[in-house]
file input_36.cif (mmCIF, N, CA and C atoms)
data_target
#
loop_
_atom_site.label_atom_id
_atom_site.label_comp_id
_atom_site.auth_asym_id
_atom_site.auth_seq_id
_atom_site.Cartn_x
_atom_site.Cartn_y
_atom_site.Cartn_z
N MET A 1 56.46 105.72 97.90
CA MET A 1 57.91 105.81 97.99
C MET A 1 58.28 106.51 99.29
N ASN A 2 59.26 105.99 99.97
CA ASN A 2 59.72 106.55 101.23
C ASN A 2 60.85 107.53 100.96
N SER A 3 60.50 108.82 100.93
CA SER A 3 61.50 109.82 100.57
C SER A 3 62.59 109.95 101.62
N GLY A 4 62.29 109.67 102.88
CA GLY A 4 63.32 109.70 103.93
C GLY A 4 64.38 108.65 103.69
N LYS A 5 63.96 107.47 103.28
CA LYS A 5 64.90 106.37 102.98
C LYS A 5 65.73 106.73 101.76
N TRP A 6 65.07 107.33 100.76
CA TRP A 6 65.78 107.72 99.54
C TRP A 6 66.86 108.74 99.86
N VAL A 7 66.53 109.74 100.68
CA VAL A 7 67.50 110.77 101.06
C VAL A 7 68.65 110.13 101.83
N GLU A 8 68.33 109.23 102.73
CA GLU A 8 69.37 108.54 103.50
C GLU A 8 70.29 107.74 102.57
N ASP A 9 69.71 107.02 101.62
CA ASP A 9 70.50 106.26 100.65
C ASP A 9 71.39 107.17 99.81
N MET A 10 70.84 108.30 99.39
CA MET A 10 71.64 109.25 98.60
C MET A 10 72.78 109.84 99.42
N ASN A 11 72.53 110.12 100.68
CA ASN A 11 73.59 110.63 101.56
C ASN A 11 74.69 109.60 101.74
N LYS A 12 74.31 108.34 101.89
CA LYS A 12 75.31 107.26 102.01
C LYS A 12 76.12 107.15 100.73
N LEU A 13 75.44 107.20 99.61
CA LEU A 13 76.12 107.13 98.32
C LEU A 13 77.09 108.28 98.15
N GLU A 14 76.66 109.47 98.49
CA GLU A 14 77.53 110.65 98.39
C GLU A 14 78.76 110.48 99.28
N TYR A 15 78.56 110.01 100.49
CA TYR A 15 79.68 109.79 101.41
C TYR A 15 80.66 108.77 100.82
N GLU A 16 80.14 107.66 100.32
CA GLU A 16 81.00 106.63 99.74
C GLU A 16 81.76 107.15 98.53
N MET A 17 81.10 107.93 97.69
CA MET A 17 81.77 108.50 96.52
C MET A 17 82.86 109.47 96.95
N ASN A 18 82.61 110.26 97.97
CA ASN A 18 83.63 111.18 98.48
C ASN A 18 84.82 110.42 99.04
N GLU A 19 84.57 109.31 99.73
CA GLU A 19 85.65 108.50 100.28
C GLU A 19 86.51 107.90 99.16
N VAL A 20 85.86 107.42 98.12
CA VAL A 20 86.59 106.87 96.98
C VAL A 20 87.44 107.96 96.32
N ALA A 21 86.87 109.12 96.13
CA ALA A 21 87.62 110.23 95.53
C ALA A 21 88.79 110.64 96.42
N LYS A 22 88.57 110.66 97.71
CA LYS A 22 89.64 111.02 98.65
C LYS A 22 90.79 110.02 98.58
N ARG A 23 90.46 108.73 98.56
CA ARG A 23 91.51 107.70 98.48
C ARG A 23 92.25 107.79 97.15
N ALA A 24 91.54 108.06 96.07
CA ALA A 24 92.17 108.19 94.76
C ALA A 24 93.12 109.39 94.74
N ALA A 25 92.71 110.49 95.33
CA ALA A 25 93.57 111.67 95.39
C ALA A 25 94.81 111.39 96.24
N GLU A 26 94.64 110.74 97.37
CA GLU A 26 95.78 110.41 98.22
C GLU A 26 96.76 109.48 97.49
N LYS A 27 96.22 108.52 96.76
CA LYS A 27 97.07 107.61 95.99
C LYS A 27 97.84 108.37 94.91
N ALA A 28 97.17 109.27 94.21
CA ALA A 28 97.82 110.05 93.16
C ALA A 28 98.92 110.94 93.73
N ILE A 29 98.66 111.54 94.88
CA ILE A 29 99.67 112.38 95.53
C ILE A 29 100.88 111.53 95.92
N LYS A 30 100.62 110.37 96.50
CA LYS A 30 101.72 109.50 96.92
C LYS A 30 102.54 109.06 95.71
N GLU A 31 101.87 108.68 94.63
CA GLU A 31 102.58 108.26 93.42
C GLU A 31 103.44 109.39 92.86
N ALA A 32 102.93 110.61 92.88
CA ALA A 32 103.70 111.76 92.40
C ALA A 32 104.90 112.02 93.31
N LYS A 33 104.71 111.87 94.61
CA LYS A 33 105.83 112.07 95.56
C LYS A 33 106.89 111.00 95.37
N ILE A 34 106.48 109.77 95.05
CA ILE A 34 107.45 108.71 94.79
C ILE A 34 108.29 109.05 93.57
N VAL A 35 107.65 109.54 92.52
CA VAL A 35 108.39 109.96 91.32
C VAL A 35 109.39 111.06 91.67
N ASP A 36 108.95 112.06 92.43
CA ASP A 36 109.84 113.15 92.85
C ASP A 36 110.99 112.62 93.70
N ALA A 37 110.67 111.73 94.64
CA ALA A 37 111.70 111.17 95.52
C ALA A 37 112.74 110.40 94.71
N LYS A 38 112.28 109.63 93.74
CA LYS A 38 113.21 108.88 92.90
C LYS A 38 114.15 109.81 92.14
N LYS A 39 113.61 110.91 91.63
CA LYS A 39 114.46 111.89 90.93
C LYS A 39 115.50 112.47 91.90
N PHE A 40 115.04 112.85 93.09
CA PHE A 40 115.96 113.40 94.08
C PHE A 40 117.05 112.40 94.44
N ILE A 41 116.65 111.16 94.66
CA ILE A 41 117.62 110.11 95.02
C ILE A 41 118.62 109.92 93.89
N GLY A 42 118.15 109.94 92.66
CA GLY A 42 119.05 109.82 91.50
C GLY A 42 120.05 110.96 91.45
N TYR A 43 119.59 112.18 91.71
CA TYR A 43 120.51 113.32 91.75
C TYR A 43 121.53 113.15 92.86
N ALA A 44 121.07 112.74 94.03
CA ALA A 44 121.98 112.55 95.17
C ALA A 44 123.03 111.50 94.84
N LYS A 45 122.60 110.41 94.22
CA LYS A 45 123.54 109.35 93.84
C LYS A 45 124.57 109.89 92.85
N ASN A 46 124.10 110.62 91.84
CA ASN A 46 125.00 111.16 90.82
C ASN A 46 126.01 112.15 91.40
N TYR A 47 125.64 112.83 92.47
CA TYR A 47 126.55 113.78 93.09
C TYR A 47 127.41 113.14 94.16
N GLY A 48 127.31 111.82 94.32
CA GLY A 48 128.19 111.10 95.22
C GLY A 48 127.77 111.12 96.68
N THR A 49 126.54 111.48 96.97
CA THR A 49 126.05 111.47 98.35
C THR A 49 125.96 110.03 98.81
N ASN A 50 126.46 109.75 100.02
CA ASN A 50 126.42 108.37 100.49
C ASN A 50 124.99 107.94 100.81
N LEU A 51 124.82 106.64 100.88
CA LEU A 51 123.50 106.03 101.03
C LEU A 51 122.77 106.54 102.27
N GLU A 52 123.43 106.55 103.41
CA GLU A 52 122.77 106.97 104.66
C GLU A 52 122.34 108.43 104.61
N ASN A 53 123.19 109.29 104.08
CA ASN A 53 122.82 110.70 103.96
C ASN A 53 121.64 110.89 103.00
N THR A 54 121.63 110.11 101.93
CA THR A 54 120.52 110.19 100.99
C THR A 54 119.22 109.75 101.65
N ILE A 55 119.28 108.68 102.42
CA ILE A 55 118.08 108.23 103.14
C ILE A 55 117.59 109.35 104.06
N GLN A 56 118.49 109.95 104.82
CA GLN A 56 118.09 111.00 105.76
C GLN A 56 117.54 112.23 105.04
N GLU A 57 118.21 112.65 103.99
CA GLU A 57 117.75 113.82 103.24
C GLU A 57 116.38 113.55 102.59
N THR A 58 116.19 112.34 102.10
CA THR A 58 114.91 111.98 101.50
C THR A 58 113.82 111.94 102.57
N MET A 59 114.16 111.42 103.74
CA MET A 59 113.21 111.41 104.87
C MET A 59 112.79 112.84 105.21
N ASP A 60 113.77 113.74 105.27
CA ASP A 60 113.47 115.13 105.60
C ASP A 60 112.50 115.76 104.61
N MET A 61 112.56 115.34 103.36
CA MET A 61 111.74 115.95 102.32
C MET A 61 110.39 115.25 102.11
N TYR A 62 110.35 113.93 102.33
CA TYR A 62 109.17 113.17 101.92
C TYR A 62 108.52 112.36 103.03
N ASP A 63 108.88 112.60 104.28
CA ASP A 63 108.36 111.76 105.36
C ASP A 63 106.87 111.97 105.64
N GLU A 64 106.28 113.02 105.08
CA GLU A 64 104.84 113.21 105.28
C GLU A 64 104.03 112.25 104.42
N VAL A 65 104.67 111.67 103.40
CA VAL A 65 103.96 110.77 102.49
C VAL A 65 104.55 109.36 102.50
N LEU A 66 105.85 109.26 102.67
CA LEU A 66 106.54 107.97 102.64
C LEU A 66 107.16 107.68 103.99
N ASN A 67 107.05 106.43 104.44
CA ASN A 67 107.69 106.07 105.71
C ASN A 67 109.14 105.68 105.47
N ARG A 68 109.87 105.50 106.55
CA ARG A 68 111.31 105.22 106.45
C ARG A 68 111.59 103.95 105.64
N ASN A 69 110.78 102.91 105.82
CA ASN A 69 111.00 101.67 105.07
C ASN A 69 110.83 101.89 103.57
N GLU A 70 109.81 102.65 103.18
CA GLU A 70 109.58 102.92 101.77
C GLU A 70 110.74 103.73 101.18
N ILE A 71 111.20 104.71 101.93
CA ILE A 71 112.31 105.54 101.47
C ILE A 71 113.59 104.73 101.37
N THR A 72 113.87 103.93 102.38
CA THR A 72 115.08 103.09 102.37
C THR A 72 115.05 102.15 101.17
N LYS A 73 113.90 101.57 100.89
CA LYS A 73 113.76 100.67 99.74
C LYS A 73 114.04 101.41 98.43
N LEU A 74 113.47 102.61 98.27
CA LEU A 74 113.71 103.40 97.05
C LEU A 74 115.18 103.73 96.90
N VAL A 75 115.80 104.18 97.98
CA VAL A 75 117.22 104.55 97.92
C VAL A 75 118.07 103.34 97.56
N ASN A 76 117.82 102.23 98.20
CA ASN A 76 118.60 101.02 97.90
C ASN A 76 118.42 100.57 96.46
N GLU A 77 117.19 100.63 95.95
CA GLU A 77 116.93 100.25 94.56
C GLU A 77 117.71 101.13 93.59
N ILE A 78 117.68 102.42 93.84
CA ILE A 78 118.34 103.36 92.92
C ILE A 78 119.86 103.28 93.05
N TYR A 79 120.36 103.12 94.25
CA TYR A 79 121.81 103.03 94.44
C TYR A 79 122.38 101.73 93.89
N GLN A 80 121.56 100.71 93.74
CA GLN A 80 122.05 99.44 93.18
C GLN A 80 122.02 99.43 91.66
N GLN A 81 121.33 100.41 91.06
CA GLN A 81 121.29 100.49 89.60
C GLN A 81 122.62 101.00 89.09
N ASN A 82 122.97 100.60 87.88
CA ASN A 82 124.22 101.08 87.28
C ASN A 82 124.09 102.45 86.74
#

call {"tool": "encode", "arguments": {"input": "input_36.cif", "output": "structure tokens"}}
result
Amino acid sequence: MNSGKWVEDMNKLEYEMNEVAKRAAEKAIKEAKIVDAKKFIGYAKNYGTNLENTIQETMDMYDEVLNRNEITKLVNEIYQQN
């Protein structure tokens, strides 16, 4: 048995598993931020904040996770709801 090859294979496996875990964590964080952003947008709508101000305020709070297009889409979806 080639123990050097085995160690190399295990290192590759560990790296791949860490990458999968990292992507899963990033996805979970983004999903949680989307939920938070939707709540914020709903509050802004209920308080009569106009659409453009809500987009800007949401950008200020969530731009590290969501881009402007994603935020604009969320705001428009929520503002179109009854």

call {"tool": "select_by_dssp", "arguments": {"input": "input_36.cif", "residues": "chain A", "states": "helix (DSSP H, G or I)", "output": "PDB file with N, CA and C atoms, keeping the file's coordinate frame"}}
result
ATOM      1  N   SER A   3      60.500 108.820 100.930  1.00  0.00           N
ATOM      2  CA  SER A   3      61.500 109.820 100.570  1.00  0.00           C
ATOM      3  C   SER A   3      62.590 109.950 101.620  1.00  0.00           C
ATOM      4  N   GLY A   4      62.290 109.670 102.880  1.00  0.00           N
ATOM      5  CA  GLY A   4      63.320 109.700 103.930  1.00  0.00           C
ATOM      6  C   GLY A   4      64.380 108.650 103.690  1.00  0.00           C
ATOM      7  N   LYS A   5      63.960 107.470 103.280  1.00  0.00           N
ATOM      8  CA  LYS A   5      64.900 106.370 102.980  1.00  0.00           C
ATOM      9  C   LYS A   5      65.730 106.730 101.760  1.00  0.00           C
ATOM     10  N   TRP A   6      65.070 107.330 100.760  1.00  0.00           N
ATOM     11  CA  TRP A   6      65.780 107.720  99.540  1.00  0.00           C
ATOM     12  C   TRP A   6      66.860 108.740  99.860  1.00  0.00           C
ATOM     13  N   VAL A   7      66.530 109.740 100.680  1.00  0.00           N
ATOM     14  CA  VAL A   7      67.500 110.770 101.060  1.00  0.00           C
ATOM     15  C   VAL A   7      68.650 110.130 101.830  1.00  0.00           C
ATOM     16  N   GLU A   8      68.330 109.230 102.730  1.00  0.00           N
ATOM     17  CA  GLU A   8      69.370 108.540 103.500  1.00  0.00           C
ATOM     18  C   GLU A   8      70.290 107.740 102.570  1.00  0.00           C
ATOM     19  N   ASP A   9      69.710 107.020 101.620  1.00  0.00           N
ATOM     20  CA  ASP A   9      70.500 106.260 100.650  1.00  0.00           C
ATOM     21  C   ASP A   9      71.390 107.170  99.810  1.00  0.00           C
ATOM     22  N   MET A  10      70.840 108.300  99.390  1.00  0.00           N
ATOM     23  CA  MET A  10      71.640 109.250  98.600  1.00  0.00           C
ATOM     24  C   MET A  10      72.780 109.840  99.420  1.00  0.00           C
ATOM     25  N   ASN A  11      72.530 110.120 100.680  1.00  0.00           N
ATOM     26  CA  ASN A  11      73.590 110.630 101.560  1.00  0.00           C
ATOM     27  C   ASN A  11      74.690 109.600 101.740  1.00  0.00           C
ATOM     28  N   LYS A  12      74.310 108.340 101.890  1.00  0.00           N
ATOM     29  CA  LYS A  12      75.310 107.260 102.010  1.00  0.00           C
ATOM     30  C   LYS A  12      76.120 107.150 100.730  1.00  0.00           C
ATOM     31  N   LEU A  13      75.440 107.200  99.610  1.00  0.00           N
ATOM     32  CA  LEU A  13      76.120 107.130  98.320  1.00  0.00           C
ATOM     33  C   LEU A  13      77.090 108.280  98.150  1.00  0.00           C
ATOM     34  N   GLU A  14      76.660 109.470  98.490  1.00  0.00           N
ATOM     35  CA  GLU A  14      77.530 110.650  98.390  1.00  0.00           C
ATOM     36  C   GLU A  14      78.760 110.480  99.280  1.00  0.00           C
ATOM     37  N   TYR A  15      78.560 110.010 100.490  1.00  0.00           N
ATOM     38  CA  TYR A  15      79.680 109.790 101.410  1.00  0.00           C
ATOM     39  C   TYR A  15      80.660 108.770 100.820  1.00  0.00           C
ATOM     40  N   GLU A  16      80.140 107.660 100.320  1.00  0.00           N
ATOM     41  CA  GLU A  16      81.000 106.630  99.740  1.00  0.00           C
ATOM     42  C   GLU A  16      81.760 107.150  98.530  1.00  0.00           C
ATOM     43  N   MET A  17      81.100 107.930  97.690  1.00  0.00           N
ATOM     44  CA  MET A  17      81.770 108.500  96.520  1.00  0.00           C
ATOM     45  C   MET A  17      82.860 109.470  96.950  1.00  0.00           C
ATOM     46  N   ASN A  18      82.610 110.260  97.970  1.00  0.00           N
ATOM     47  CA  ASN A  18      83.630 111.180  98.480  1.00  0.00           C
ATOM     48  C   ASN A  18      84.820 110.420  99.040  1.00  0.00           C
ATOM     49  N   GLU A  19      84.570 109.310  99.730  1.00  0.00           N
ATOM     50  CA  GLU A  19      85.650 108.500 100.280  1.00  0.00           C
ATOM     51  C   GLU A  19      86.510 107.900  99.160  1.00  0.00           C
ATOM     52  N   VAL A  20      85.860 107.420  98.120  1.00  0.00           N
ATOM     53  CA  VAL A  20      86.590 106.870  96.980  1.00  0.00           C
ATOM     54  C   VAL A  20      87.440 107.960  96.320  1.00  0.00           C
ATOM     55  N   ALA A  21      86.870 109.120  96.130  1.00  0.00           N
ATOM     56  CA  ALA A  21      87.620 110.230  95.530  1.00  0.00           C
ATOM     57  C   ALA A  21      88.790 110.640  96.420  1.00  0.00           C
ATOM     58  N   LYS A  22      88.570 110.660  97.710  1.00  0.00           N
ATOM     59  CA  LYS A  22      89.640 111.020  98.650  1.00  0.00           C
ATOM     60  C   LYS A  22      90.790 110.020  98.580  1.00  0.00           C
ATOM     61  N   ARG A  23      90.460 108.730  98.560  1.00  0.00           N
ATOM     62  CA  ARG A  23      91.510 107.700  98.480  1.00  0.00           C
ATOM     63  C   ARG A  23      92.250 107.790  97.150  1.00  0.00           C
ATOM     64  N   ALA A  24      91.540 108.060  96.070  1.00  0.00           N
ATOM     65  CA  ALA A  24      92.170 108.190  94.760  1.00  0.00           C
ATOM     66  C   ALA A  24      93.120 109.390  94.740  1.00  0.00           C
ATOM     67  N   ALA A  25      92.710 110.490  95.330  1.00  0.00           N
ATOM     68  CA  ALA A  25      93.570 111.670  95.390  1.00  0.00           C
ATOM     69  C   ALA A  25      94.810 111.390  96.240  1.00  0.00           C
ATOM     70  N   GLU A  26      94.640 110.740  97.370  1.00  0.00           N
ATOM     71  CA  GLU A  26      95.780 110.410  98.220  1.00  0.00           C
ATOM     72  C   GLU A  26      96.760 109.480  97.490  1.00  0.00           C
ATOM     73  N   LYS A  27      96.220 108.520  96.760  1.00  0.00           N
ATOM     74  CA  LYS A  27      97.070 107.610  95.990  1.00  0.00           C
ATOM     75  C   LYS A  27      97.840 108.370  94.910  1.00  0.00           C
ATOM     76  N   ALA A  28      97.170 109.270  94.210  1.00  0.00           N
ATOM     77  CA  ALA A  28      97.820 110.050  93.160  1.00  0.00           C
ATOM     78  C   ALA A  28      98.920 110.940  93.730  1.00  0.00           C
ATOM     79  N   ILE A  29      98.660 111.540  94.880  1.00  0.00           N
ATOM     80  CA  ILE A  29      99.670 112.380  95.530  1.00  0.00           C
ATOM     81  C   ILE A  29     100.880 111.530  95.920  1.00  0.00           C
ATOM     82  N   LYS A  30     100.620 110.370  96.500  1.00  0.00           N
ATOM     83  CA  LYS A  30     101.720 109.500  96.920  1.00  0.00           C
ATOM     84  C   LYS A  30     102.540 109.060  95.710  1.00  0.00           C
ATOM     85  N   GLU A  31     101.870 108.680  94.630  1.00  0.00           N
ATOM     86  CA  GLU A  31     102.580 108.260  93.420  1.00  0.00           C
ATOM     87  C   GLU A  31     103.440 109.390  92.860  1.00  0.00           C
ATOM     88  N   ALA A  32     102.930 110.610  92.880  1.00  0.00           N
ATOM     89  CA  ALA A  32     103.700 111.760  92.400  1.00  0.00           C
ATOM     90  C   ALA A  32     104.900 112.020  93.310  1.00  0.00           C
ATOM     91  N   LYS A  33     104.710 111.870  94.610  1.00  0.00           N
ATOM     92  CA  LYS A  33     105.830 112.070  95.560  1.00  0.00           C
ATOM     93  C   LYS A  33     106.890 111.000  95.370  1.00  0.00           C
ATOM     94  N   ILE A  34     106.480 109.770  95.050  1.00  0.00           N
ATOM     95  CA  ILE A  34     107.450 108.710  94.790  1.00  0.00           C
ATOM     96  C   ILE A  34     108.290 109.050  93.570  1.00  0.00           C
ATOM     97  N   VAL A  35     107.650 109.540  92.520  1.00  0.00           N
ATOM     98  CA  VAL A  35     108.390 109.960  91.320  1.00  0.00           C
ATOM     99  C   VAL A  35     109.390 111.060  91.670  1.00  0.00           C
ATOM    100  N   ASP A  36     108.950 112.060  92.430  1.00  0.00           N
ATOM    101  CA  ASP A  36     109.840 113.150  92.850  1.00  0.00           C
ATOM    102  C   ASP A  36     110.990 112.620  93.700  1.00  0.00           C
ATOM    103  N   ALA A  37     110.670 111.730  94.640  1.00  0.00           N
ATOM    104  CA  ALA A  37     111.700 111.170  95.520  1.00  0.00           C
ATOM    105  C   ALA A  37     112.740 110.400  94.710  1.00  0.00           C
ATOM    106  N   LYS A  38     112.280 109.630  93.740  1.00  0.00           N
ATOM    107  CA  LYS A  38     113.210 108.880  92.900  1.00  0.00           C
ATOM    108  C   LYS A  38     114.150 109.810  92.140  1.00  0.00           C
ATOM    109  N   LYS A  39     113.610 110.910  91.630  1.00  0.00           N
ATOM    110  CA  LYS A  39     114.460 111.890  90.930  1.00  0.00           C
ATOM    111  C   LYS A  39     115.500 112.470  91.900  1.00  0.00           C
ATOM    112  N   PHE A  40     115.040 112.850  93.090  1.00  0.00           N
ATOM    113  CA  PHE A  40     115.960 113.400  94.080  1.00  0.00           C
ATOM    114  C   PHE A  40     117.050 112.400  94.440  1.00  0.00           C
ATOM    115  N   ILE A  41     116.650 111.160  94.660  1.00  0.00           N
ATOM    116  CA  ILE A  41     117.620 110.110  95.020  1.00  0.00           C
ATOM    117  C   ILE A  41     118.620 109.920  93.890  1.00  0.00           C
ATOM    118  N   GLY A  42     118.150 109.940  92.660  1.00  0.00           N
ATOM    119  CA  GLY A  42     119.050 109.820  91.500  1.00  0.00           C
ATOM    120  C   GLY A  42     120.050 110.960  91.450  1.00  0.00           C
ATOM    121  N   TYR A  43     119.590 112.180  91.710  1.00  0.00           N
ATOM    122  CA  TYR A  43     120.510 113.320  91.750  1.00  0.00           C
ATOM    123  C   TYR A  43     121.530 113.150  92.860  1.00  0.00           C
ATOM    124  N   ALA A  44     121.070 112.740  94.030  1.00  0.00           N
ATOM    125  CA  ALA A  44     121.980 112.550  95.170  1.00  0.00           C
ATOM    126  C   ALA A  44     123.030 111.500  94.840  1.00  0.00           C
ATOM    127  N   LYS A  45     122.600 110.410  94.220  1.00  0.00           N
ATOM    128  CA  LYS A  45     123.540 109.350  93.840  1.00  0.00           C
ATOM    129  C   LYS A  45     124.570 109.890  92.850  1.00  0.00           C
ATOM    130  N   ASN A  46     124.100 110.620  91.840  1.00  0.00           N
ATOM    131  CA  ASN A  46     125.000 111.160  90.820  1.00  0.00           C
ATOM    132  C   ASN A  46     126.010 112.150  91.400  1.00  0.00           C
ATOM    133  N   LEU A  51     124.820 106.640 100.880  1.00  0.00           N
ATOM    134  CA  LEU A  51     123.500 106.030 101.030  1.00  0.00           C
ATOM    135  C   LEU A  51     122.770 106.540 102.270  1.00  0.00           C
ATOM    136  N   GLU A  52     123.430 106.550 103.410  1.00  0.00           N
ATOM    137  CA  GLU A  52     122.770 106.970 104.660  1.00  0.00           C
ATOM    138  C   GLU A  52     122.340 108.430 104.610  1.00  0.00           C
ATOM    139  N   ASN A  53     123.190 109.290 104.080  1.00  0.00           N
ATOM    140  CA  ASN A  53     122.820 110.700 103.960  1.00  0.00           C
ATOM    141  C   ASN A  53     121.640 110.890 103.000  1.00  0.00           C
ATOM    142  N   THR A  54     121.630 110.110 101.930  1.00  0.00           N
ATOM    143  CA  THR A  54     120.520 110.190 100.990  1.00  0.00           C
ATOM    144  C   THR A  54     119.220 109.750 101.650  1.00  0.00           C
ATOM    145  N   ILE A  55     119.280 108.680 102.420  1.00  0.00           N
ATOM    146  CA  ILE A  55     118.080 108.230 103.140  1.00  0.00           C
ATOM    147  C   ILE A  55     117.590 109.350 104.060  1.00  0.00           C
ATOM    148  N   GLN A  56     118.490 109.950 104.820  1.00  0.00           N
ATOM    149  CA  GLN A  56     118.090 111.000 105.760  1.00  0.00           C
ATOM    150  C   GLN A  56     117.540 112.230 105.040  1.00  0.00           C
ATOM    151  N   GLU A  57     118.210 112.650 103.990  1.00  0.00           N
ATOM    152  CA  GLU A  57     117.750 113.820 103.240  1.00  0.00           C
ATOM    153  C   GLU A  57     116.380 113.550 102.590  1.00  0.00           C
ATOM    154  N   THR A  58     116.190 112.340 102.100  1.00  0.00           N
ATOM    155  CA  THR A  58     114.910 111.980 101.500  1.00  0.00           C
ATOM    156  C   THR A  58     113.820 111.940 102.570  1.00  0.00           C
ATOM    157  N   MET A  59     114.160 111.420 103.740  1.00  0.00           N
ATOM    158  CA  MET A  59     113.210 111.410 104.870  1.00  0.00           C
ATOM    159  C   MET A  59     112.790 112.840 105.210  1.00  0.00           C
ATOM    160  N   ASP A  60     113.770 113.740 105.270  1.00  0.00           N
ATOM    161  CA  ASP A  60     113.470 115.130 105.600  1.00  0.00           C
ATOM    162  C   ASP A  60     112.500 115.760 104.610  1.00  0.00           C
ATOM    163  N   MET A  61     112.560 115.340 103.360  1.00  0.00           N
ATOM    164  CA  MET A  61     111.740 115.950 102.320  1.00  0.00           C
ATOM    165  C   MET A  61     110.390 115.250 102.110  1.00  0.00           C
ATOM    166  N   TYR A  62     110.350 113.930 102.330  1.00  0.00           N
ATOM    167  CA  TYR A  62     109.170 113.170 101.920  1.00  0.00           C
ATOM    168  C   TYR A  62     108.520 112.360 103.030  1.00  0.00           C
ATOM    169  N   ARG A  68     109.870 105.500 106.550  1.00  0.00           N
ATOM    170  CA  ARG A  68     111.310 105.220 106.450  1.00  0.00           C
ATOM    171  C   ARG A  68     111.590 103.950 105.640  1.00  0.00           C
ATOM    172  N   ASN A  69     110.780 102.910 105.820  1.00  0.00           N
ATOM    173  CA  ASN A  69     111.000 101.670 105.070  1.00  0.00           C
ATOM    174  C   ASN A  69     110.830 101.890 103.570  1.00  0.00           C
ATOM    175  N   GLU A  70     109.810 102.650 103.180  1.00  0.00           N
ATOM    176  CA  GLU A  70     109.580 102.920 101.770  1.00  0.00           C
ATOM    177  C   GLU A  70     110.740 103.730 101.180  1.00  0.00           C
ATOM    178  N   ILE A  71     111.200 104.710 101.930  1.00  0.00           N
ATOM    179  CA  ILE A  71     112.310 105.540 101.470  1.00  0.00           C
ATOM    180  C   ILE A  71     113.590 104.730 101.370  1.00  0.00           C
ATOM    181  N   THR A  72     113.870 103.930 102.380  1.00  0.00           N
ATOM    182  CA  THR A  72     115.080 103.090 102.370  1.00  0.00           C
ATOM    183  C   THR A  72     115.050 102.150 101.170  1.00  0.00           C
ATOM    184  N   LYS A  73     113.900 101.570 100.890  1.00  0.00           N
ATOM    185  CA  LYS A  73     113.760 100.670  99.740  1.00  0.00           C
ATOM    186  C   LYS A  73     114.040 101.410  98.430  1.00  0.00           C
ATOM    187  N   LEU A  74     113.470 102.610  98.270  1.00  0.00           N
ATOM    188  CA  LEU A  74     113.710 103.400  97.050  1.00  0.00           C
ATOM    189  C   LEU A  74     115.180 103.730  96.900  1.00  0.00           C
ATOM    190  N   VAL A  75     115.800 104.180  97.980  1.00  0.00           N
ATOM    191  CA  VAL A  75     117.220 104.550  97.920  1.00  0.00           C
ATOM    192  C   VAL A  75     118.070 103.340  97.560  1.00  0.00           C
ATOM    193  N   ASN A  76     117.820 102.230  98.200  1.00  0.00           N
ATOM    194  CA  ASN A  76     118.600 101.020  97.900  1.00  0.00           C
ATOM    195  C   ASN A  76     118.420 100.570  96.460  1.00  0.00           C
ATOM    196  N   GLU A  77     117.190 100.630  95.950  1.00  0.00           N
ATOM    197  CA  GLU A  77     116.930 100.250  94.560  1.00  0.00           C
ATOM    198  C   GLU A  77     117.710 101.130  93.590  1.00  0.00           C
ATOM    199  N   ILE A  78     117.680 102.420  93.840  1.00  0.00           N
ATOM    200  CA  ILE A  78     118.340 103.360  92.920  1.00  0.00           C
ATOM    201  C   ILE A  78     119.860 103.280  93.050  1.00  0.00           C
ATOM    202  N   TYR A  79     120.360 103.120  94.250  1.00  0.00           N
ATOM    203  CA  TYR A  79     121.810 103.030  94.440  1.00  0.00           C
ATOM    204  C   TYR A  79     122.380 101.730  93.890  1.00  0.00           C
ATOM    205  N   GLN A  80     121.560 100.710  93.740  1.00  0.00           N
ATOM    206  CA  GLN A  80     122.050  99.440  93.180  1.00  0.00           C
ATOM    207  C   GLN A  80     122.020  99.430  91.660  1.00  0.00           C
TER     208      GLN A  80
END

call {"tool": "atom_distance", "arguments": {"input": "input_36.cif", "atom1": "atom CA of Leu74 of chain A", "atom2": "atom CA of Thr49 of chain A"}}
result
14.8 Å

call {"tool": "atom_distance", "arguments": {"input": "input_36.cif", "atom1": "atom C of Ser3 of chain A", "atom2": "atom C of Asn18 of chain A"}}
result
22.4 Å

call {"tool": "axis_aligned_box", "arguments": {"input": "input_36.cif", "around": "segment 25-43 of chain A", "padding_each_side": "8 Å", "output": "JSON"}}
result
{"center_x": 107.1, "center_y": 110.5, "center_z": 94.6, "size_x": 44.8, "size_y": 21.8, "size_z": 23.3}

call {"tool": "resolve_selection", "arguments": {"input": "input_36.cif", "expression": "the PyMOL selection byres (((chain A and resi 27-40 and name CA) around 8) and name CA)", "output": "PyMOL selection string"}}
result
chain A and resi 23-26+41-44+58+62+65-66+74-75+78

call {"tool": "atom_distance", "arguments": {"input": "input_36.cif", "atom1": "atom N of Glu77 of chain A", "atom2": "atom N of Thr54 of chain A"}}
result
12.1 Å

call {"tool": "closest_residue", "arguments": {"input": "input_36.cif", "among": "A:Tyr79, A:Asp60, A:Asn69, A:Tyr15", "to": "Asn46 of chain A", "atoms": "only C-alpha atoms"}}
result
A:Tyr79

call {"tool": "closest_residue", "arguments": {"input": "input_36.cif", "among": "A:Gln81, A:Thr72, A:Asn67, A:Asn11", "to": "Ile55 of chain A", "atoms": "only C-alpha atoms"}}
result
A:Thr72
